[in-house]
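One structure is given here, and the rest of the page talks about it.
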Amino acid sequence: MENKIKIAIQTKGRLNEDSMNLINEAGIGLKMGRRTLVSEAKNFPMDALFLRDDDIPQTVADGVADIGVVGENEMAEKDENVVIAKRLGFSKCRLSLAIPKSIEYSGIKFFEGKKIATSYPVILKKFLDEKNIKAEIHVISGSVEIAPGIGLADAIFDIVSSGSTLVSNRLKEVEVVMQSEAVLIANPKLSAEKKEILTN
């Protein structure tokens with residue numbers, strides 16, 4: 001059915017739980033099975049696609065999904081052609097630069113010539129370029145916070161929620177680069193029928 005909305009949702013994690021709560025609160029019932037990757041709504045013209053969070057922006061930009069729930073940080077990092085349809089107000093965090101606690105922080109110029117470990121090279125590069133700072137960006141996909149402790153980097157650029165991960169790795173947050181929350185993103189070419197379904 002052409003005018004069925006396809007929504008992309010994170011497969012697991014906190015954003016998955018918050019997204020499912022949002023759908024439940026809207027009174028939409030999804031038929032769920034074990035290891036379901038596509039789920040049809042029982043009482044609404046909608047299918048849910050369950051994907052990795054970093055695949056959601058491209059899936060929406062390519063029109064495979066019409067809308068998606070994703071962290072604003074992930075949307076900014078992937079830099080795909082999508083629009084924010086609604087800010088959702090949950091899964092709030094920030095993207096920050098952090099350095100070892102024992103090191104004196106002298107301001108943004110501290111990062112000149114330093115090696116920074118991150119999973120968000122696009123956002124970091126944009127920030128450093130704006131500040132006219134040349135640093136080496138070291139891309140790693142997980143456990144970024146251990147990089148300074150094992151001598152892999154001088155600093156990290158990562159998601160911070162409570163800050164407890166930084167504390168346990170003897171790091172301190174020194175620059176907040178971006179505030180993030182869950183956003184509902186949409187394909188900019190969404191048809192009039194689908195826009196109508198969304199607003200109902």
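Residues are named by chain letter and number: chains run A, B, ... in the order of the structure tokens, numbers start at 1 in each chain, and ligands are numbered from 1 in the order shown.
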
Using only C-alpha atoms, what does the table of segment 148-189 of chain A residues within 12 Å of segment 18-23 of chain A look like, with each row giving the shortest atom pair and its distance in Å to one decimal, sorted by chain and ascending number, as a Markdown table?
```
| residue | atom | partner | partner_atom | distance |
| --- | --- | --- | --- | --- |
| A:Glu181 | CA | A:Asp18 | CA | 11.5 |
| A:Ala182 | CA | A:Ser19 | CA | 9.0 |
| A:Val183 | CA | A:Ser19 | CA | 10.2 |
| A:Leu184 | CA | A:Ser19 | CA | 9.8 |
```

Quick one: pick out all helix (DSSP H, G or I) residues within segment 5-192 of chain A from a backbone DSSP run and write them as an MDAnalysis selection string. chainID A and resid 14:25 53:61 72:78 108:111 121:130 144:146 164:168 192

When you look at Ser191 of chain A with a cut-off of 12 Å (counting only C-alpha atoms), what residues show up, excluding the ones that are within fewer than 2 positions of it in the same chain? I need them as an NGL selection string. :A and (2-5 or 63 or 66-67 or 186-189 or 193-198)

Preceding selection exported with N, CA and C atoms as a PDB file, in the first residue's frame:
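So out-v2.pdb came out as:
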```pdb
ATOM      1  N   GLU A   2       0.714   2.084  -1.024  1.00  0.00           N
ATOM      2  CA  GLU A   2       1.628   3.202  -1.259  1.00  0.00           C
ATOM      3  C   GLU A   2       1.634   4.211  -0.113  1.00  0.00           C
ATOM      4  N   ASN A   3       0.443   4.607   0.368  1.00  0.00           N
ATOM      5  CA  ASN A   3       0.441   5.640   1.396  1.00  0.00           C
ATOM      6  C   ASN A   3       0.446   5.076   2.811  1.00  0.00           C
ATOM      7  N   LYS A   4       1.393   4.197   3.022  1.00  0.00           N
ATOM      8  CA  LYS A   4       1.694   3.685   4.357  1.00  0.00           C
ATOM      9  C   LYS A   4       2.989   4.356   4.781  1.00  0.00           C
ATOM     10  N   ILE A   5       3.025   4.843   5.991  1.00  0.00           N
ATOM     11  CA  ILE A   5       4.246   5.497   6.482  1.00  0.00           C
ATOM     12  C   ILE A   5       5.241   4.416   6.920  1.00  0.00           C
ATOM     13  N   GLY A  63      14.804   7.380   1.007  1.00  0.00           N
ATOM     14  CA  GLY A  63      13.378   7.131   0.821  1.00  0.00           C
ATOM     15  C   GLY A  63      12.960   5.697   1.108  1.00  0.00           C
ATOM     16  N   ASP A  66      10.293   6.683   5.418  1.00  0.00           N
ATOM     17  CA  ASP A  66       9.811   8.062   5.241  1.00  0.00           C
ATOM     18  C   ASP A  66      10.284   8.958   6.380  1.00  0.00           C
ATOM     19  N   ILE A  67      10.275   8.372   7.572  1.00  0.00           N
ATOM     20  CA  ILE A  67      10.661   9.108   8.780  1.00  0.00           C
ATOM     21  C   ILE A  67      11.524   8.185   9.644  1.00  0.00           C
ATOM     22  N   ALA A 186      12.713  13.364   8.659  1.00  0.00           N
ATOM     23  CA  ALA A 186      11.838  13.000   7.540  1.00  0.00           C
ATOM     24  C   ALA A 186      12.565  13.202   6.228  1.00  0.00           C
ATOM     25  N   ASN A 187      12.133  12.442   5.233  1.00  0.00           N
ATOM     26  CA  ASN A 187      12.614  12.639   3.880  1.00  0.00           C
ATOM     27  C   ASN A 187      12.011  13.947   3.382  1.00  0.00           C
ATOM     28  N   PRO A 188      12.829  14.864   2.826  1.00  0.00           N
ATOM     29  CA  PRO A 188      12.278  16.159   2.393  1.00  0.00           C
ATOM     30  C   PRO A 188      11.251  16.046   1.266  1.00  0.00           C
ATOM     31  N   LYS A 189      11.247  14.895   0.577  1.00  0.00           N
ATOM     32  CA  LYS A 189      10.308  14.733  -0.559  1.00  0.00           C
ATOM     33  C   LYS A 189       9.064  13.928  -0.168  1.00  0.00           C
ATOM     34  N   GLU A 193       0.130  12.909   0.824  1.00  0.00           N
ATOM     35  CA  GLU A 193      -0.682  11.902   1.546  1.00  0.00           C
ATOM     36  C   GLU A 193       0.011  11.468   2.828  1.00  0.00           C
ATOM     37  N   LYS A 194       1.326  11.240   2.712  1.00  0.00           N
ATOM     38  CA  LYS A 194       2.077  10.765   3.889  1.00  0.00           C
ATOM     39  C   LYS A 194       2.195  11.867   4.947  1.00  0.00           C
ATOM     40  N   LYS A 195       2.334  13.112   4.467  1.00  0.00           N
ATOM     41  CA  LYS A 195       2.376  14.238   5.416  1.00  0.00           C
ATOM     42  C   LYS A 195       1.061  14.310   6.176  1.00  0.00           C
ATOM     43  N   GLU A 196      -0.027  14.044   5.466  1.00  0.00           N
ATOM     44  CA  GLU A 196      -1.359  14.077   6.095  1.00  0.00           C
ATOM     45  C   GLU A 196      -1.484  12.970   7.155  1.00  0.00           C
ATOM     46  N   ILE A 197      -1.004  11.765   6.825  1.00  0.00           N
ATOM     47  CA  ILE A 197      -1.037  10.659   7.802  1.00  0.00           C
ATOM     48  C   ILE A 197      -0.250  11.062   9.062  1.00  0.00           C
ATOM     49  N   LEU A 198       0.904  11.707   8.832  1.00  0.00           N
ATOM     50  CA  LEU A 198       1.767  12.115   9.946  1.00  0.00           C
ATOM     51  C   LEU A 198       1.092  13.101  10.866  1.00  0.00           C
TER      52      LEU A 198
END
```

Interatomic distance (Å, one decimal) between atom CA of Ser102 of chain A and atom CA of Ser168 of chain A: 13.5 Å

Any idea what's packed within 12 Å of Lys115 of chain A, counting only C-alpha atoms, ignoring anything in its chain fewer than 3 positions away? Could you give it as a list in words?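 Contacts, with the query itself left out: Leu97, Ala98, Ile99, Phe110, Phe111, Glu112, Thr118, Leu124, Ile133, Lys134, Ala135, Glu136, Ile137, His138, Val139, Ala147, Pro148, Gly151, Leu152, Ala153, Asp154, Ala155, Ile156 and Phe157 of chain A.
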
Could the residues in this selection be saved with N, CA and C atoms as a tab-separated table (two decimals), in the first residue's frame?
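And here's again_9.tsv as it stands now:
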```tsv
chain	number	residue	atom	x	y	z
A	97	LEU	N	34.45	17.58	24.13
A	97	LEU	CA	35.87	17.27	24.15
A	97	LEU	C	36.28	17.05	25.59
A	98	ALA	N	37.06	16.02	25.84
A	98	ALA	CA	37.52	15.73	27.20
A	98	ALA	C	39.01	15.37	27.16
A	99	ILE	N	39.69	15.71	28.24
A	99	ILE	CA	41.13	15.44	28.35
A	99	ILE	C	41.41	14.78	29.70
A	110	PHE	N	44.52	24.51	23.21
A	110	PHE	CA	45.16	23.30	23.78
A	110	PHE	C	45.20	22.18	22.74
A	111	PHE	N	44.15	22.11	21.89
A	111	PHE	CA	44.01	20.99	20.96
A	111	PHE	C	44.88	21.10	19.70
A	112	GLU	N	45.53	22.26	19.51
A	112	GLU	CA	46.42	22.43	18.36
A	112	GLU	C	47.50	21.34	18.36
A	118	THR	N	37.79	9.74	18.38
A	118	THR	CA	36.34	9.97	18.31
A	118	THR	C	35.64	8.99	17.39
A	124	LEU	N	33.44	16.74	14.60
A	124	LEU	CA	34.68	17.24	15.21
A	124	LEU	C	35.48	18.08	14.21
A	133	ILE	N	41.76	25.24	14.19
A	133	ILE	CA	42.69	24.39	14.93
A	133	ILE	C	43.03	23.16	14.10
A	134	LYS	N	44.34	22.90	13.99
A	134	LYS	CA	44.80	21.71	13.27
A	134	LYS	C	45.11	20.63	14.30
A	135	ALA	N	44.33	19.56	14.26
A	135	ALA	CA	44.57	18.44	15.17
A	135	ALA	C	44.44	17.16	14.36
A	136	GLU	N	44.99	16.08	14.90
A	136	GLU	CA	44.89	14.78	14.22
A	136	GLU	C	43.67	14.05	14.76
A	137	ILE	N	42.75	13.70	13.87
A	137	ILE	CA	41.54	12.99	14.30
A	137	ILE	C	41.74	11.50	14.11
A	138	HIS	N	41.64	10.78	15.21
A	138	HIS	CA	41.83	9.32	15.20
A	138	HIS	C	40.45	8.67	15.37
A	139	VAL	N	39.95	8.02	14.30
A	139	VAL	CA	38.59	7.47	14.32
A	139	VAL	C	38.59	6.06	14.92
A	147	ALA	N	41.01	5.70	25.12
A	147	ALA	CA	42.12	6.09	24.23
A	147	ALA	C	43.26	6.85	24.93
A	148	PRO	N	42.97	7.91	25.73
A	148	PRO	CA	44.09	8.62	26.38
A	148	PRO	C	44.85	7.73	27.38
A	151	GLY	N	47.38	5.56	25.71
A	151	GLY	CA	48.36	6.27	24.89
A	151	GLY	C	47.99	6.40	23.42
A	152	LEU	N	46.73	6.16	23.10
A	152	LEU	CA	46.28	6.22	21.72
A	152	LEU	C	45.96	7.66	21.28
A	153	ALA	N	45.60	8.50	22.23
A	153	ALA	CA	45.23	9.88	21.91
A	153	ALA	C	45.46	10.80	23.10
A	154	ASP	N	45.53	12.10	22.82
A	154	ASP	CA	45.71	13.10	23.89
A	154	ASP	C	44.37	13.51	24.50
A	155	ALA	N	43.30	13.33	23.71
A	155	ALA	CA	41.97	13.79	24.12
A	155	ALA	C	40.93	12.95	23.41
A	156	ILE	N	39.67	13.09	23.84
A	156	ILE	CA	38.58	12.40	23.15
A	156	ILE	C	37.46	13.38	22.84
A	157	PHE	N	36.67	13.02	21.84
A	157	PHE	CA	35.46	13.75	21.51
A	157	PHE	C	34.35	12.72	21.46
```

How would you write, as a PyMOL selection string, the set of residues in segment 46-163 of chain A that DSSP gives as strand (DSSP E or B)? chain A and resi 46-51+67-71+83-87+93-100+115-118+136-139+155-160

Could you write out the selected residues, including C-alpha atoms, as a PDB file, in the first residue's frame?
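Dumped to selection24.pdb:
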```pdb
ATOM      1  CA  MET A  46       2.513   2.317   9.238  1.00  0.00           C
ATOM      2  CA  ASP A  47       5.418  -0.148   9.062  1.00  0.00           C
ATOM      3  CA  ALA A  48       8.361   0.048  11.447  1.00  0.00           C
ATOM      4  CA  LEU A  49      11.856  -0.869  10.229  1.00  0.00           C
ATOM      5  CA  PHE A  50      14.362  -1.764  12.945  1.00  0.00           C
ATOM      6  CA  LEU A  51      17.891  -0.630  12.040  1.00  0.00           C
ATOM      7  CA  ILE A  67      10.661   9.108   8.780  1.00  0.00           C
ATOM      8  CA  GLY A  68      13.006   7.931  11.520  1.00  0.00           C
ATOM      9  CA  VAL A  69      13.819   8.458  15.174  1.00  0.00           C
ATOM     10  CA  VAL A  70      17.508   9.136  15.690  1.00  0.00           C
ATOM     11  CA  GLY A  71      19.864  11.113  17.897  1.00  0.00           C
ATOM     12  CA  VAL A  83      14.864  17.414   7.716  1.00  0.00           C
ATOM     13  CA  ILE A  84      13.929  17.546  11.390  1.00  0.00           C
ATOM     14  CA  ALA A  85      10.147  17.057  11.539  1.00  0.00           C
ATOM     15  CA  LYS A  86       9.991  17.231  15.341  1.00  0.00           C
ATOM     16  CA  ARG A  87      12.285  17.470  18.357  1.00  0.00           C
ATOM     17  CA  CYS A  93      23.141  14.177  25.695  1.00  0.00           C
ATOM     18  CA  ARG A  94      25.982  16.366  24.488  1.00  0.00           C
ATOM     19  CA  LEU A  95      29.058  15.902  22.345  1.00  0.00           C
ATOM     20  CA  SER A  96      32.109  17.130  24.202  1.00  0.00           C
ATOM     21  CA  LEU A  97      35.872  17.267  24.146  1.00  0.00           C
ATOM     22  CA  ALA A  98      37.524  15.728  27.199  1.00  0.00           C
ATOM     23  CA  ILE A  99      41.133  15.443  28.349  1.00  0.00           C
ATOM     24  CA  PRO A 100      42.929  13.594  31.174  1.00  0.00           C
ATOM     25  CA  LYS A 115      45.576  13.619  18.602  1.00  0.00           C
ATOM     26  CA  ILE A 116      41.832  13.318  19.350  1.00  0.00           C
ATOM     27  CA  ALA A 117      40.002   9.964  19.381  1.00  0.00           C
ATOM     28  CA  THR A 118      36.343   9.973  18.310  1.00  0.00           C
ATOM     29  CA  GLU A 136      44.889  14.784  14.222  1.00  0.00           C
ATOM     30  CA  ILE A 137      41.537  12.990  14.295  1.00  0.00           C
ATOM     31  CA  HIS A 138      41.834   9.323  15.204  1.00  0.00           C
ATOM     32  CA  VAL A 139      38.593   7.470  14.321  1.00  0.00           C
ATOM     33  CA  ALA A 155      41.970  13.787  24.123  1.00  0.00           C
ATOM     34  CA  ILE A 156      38.578  12.398  23.150  1.00  0.00           C
ATOM     35  CA  PHE A 157      35.456  13.753  21.509  1.00  0.00           C
ATOM     36  CA  ASP A 158      32.422  11.722  22.526  1.00  0.00           C
ATOM     37  CA  ILE A 159      28.848  11.607  23.795  1.00  0.00           C
ATOM     38  CA  VAL A 160      28.397  12.641  27.423  1.00  0.00           C
TER      39      VAL A 160
END
```

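Coordinates place atom CA of Ile185 of chain A at a distance of 26.0 Å from atom CA of Ile140 of chain A.
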
Using only C-alpha atoms, the residue out of A:Asn132, A:Ser162, A:Asn81, A:Asn73 with shortest distance to Val60 of chain A is A:Asn81

Given only C-alpha atoms as the counted atoms, nearest of A:Ala8, A:Val38, A:Leu88, A:Leu30 to Ser180 of chain A: A:Leu88
